[in-house]
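First the structure, in the form of structure tokens, and then the observations on it.
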Amino acid sequence: MEKRLSFPYGRTLIVGRFFALVSLIVLIGVAIAFLPSLSLGPVAVLGTVLAVYFILFAVSPLLTEHWITRSRLILRQGWYFRAVIPFSEIVSIQALDEYGPLQAPLGVHRPFGQPALFVTGGRTNLVSVRLTRPRRFWQSFGLGASEIVFDVLERTKFLEALDERRGLFAPVQADGADADLRD
């Protein structure tokens, strides 16, 4: 059995961010071309900020996927969001179809008044994980979430793999390097 199963998520968010960034770069290029009095310093700083934004929020989500290990679910979205959820903290996990294709927010989003944290790259194939107790995430300004909603491209395969992994015994954790496991 593989140690870790990887499941990619939707790319709608990345496409939107890419086009927004390209339009900003074109706008800055036009401003530089038609405003000759612009000094090089602010333009270089703005270019650096846009490059860092592009790498962090447009490229890094292409490099990450959600993982299922033998004892936990690891949700990732780029280099800016990671949640490690042990199977023992999951109350239920289910396919979520109550949000229409335009109702689910994209990105890492925690709506006020709702106990759910959305970690979505697309608006289809949503999955809901209910936790035993609310967890706080710095990406939602410390607000607690007792439910995490995310998307995967192959939802049925993901749910089957998660059910299979949750049915396995938890791996043995030794207390130290010379732990006596009484074999």
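Each chain in the structure tokens gets a letter, A, B, ..., in the order shown, and its residues are numbered from 1; ligands are numbered from 1 in order too.
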**Message:** For the strand (DSSP E or B) assignment from backbone DSSP, which residues of chain A qualify? Please present them as a PyMOL selection string.
**Reply:** chain A and resi 5-7+66-68+72-77+81-86+90-96+107-109+116-120+126-136+144-151
**Request:** Skip region 85-93 of chain A itself and residues of its chain fewer than 4 positions away, then list as a PyMOL selection string all residues within 8 Å of it, counting only C-alpha atoms.
**Result:** chain A and resi 71-74+127-133+166
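Distance check against Gly16 (chain A) using only C-alpha atoms: of A:Glu147, A:Gly107, A:Gly167, A:Phe158, the minimum falls on A:Gly107.
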**Prompt:** A:Arg136, A:Arg11, A:Arg123, A:Arg165: which is nearest Gln77 (chain A), counting only C-alpha atoms?
**Reply:** A:Arg11
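The interatomic distance for the pair CA of Gly10 (chain A) and CA of Asp151 (chain A) works out to 6.6 Å.
Distance-wise, CA of Trp79 (chain A) and CA of Gln94 (chain A) end up 25.8 Å apart.
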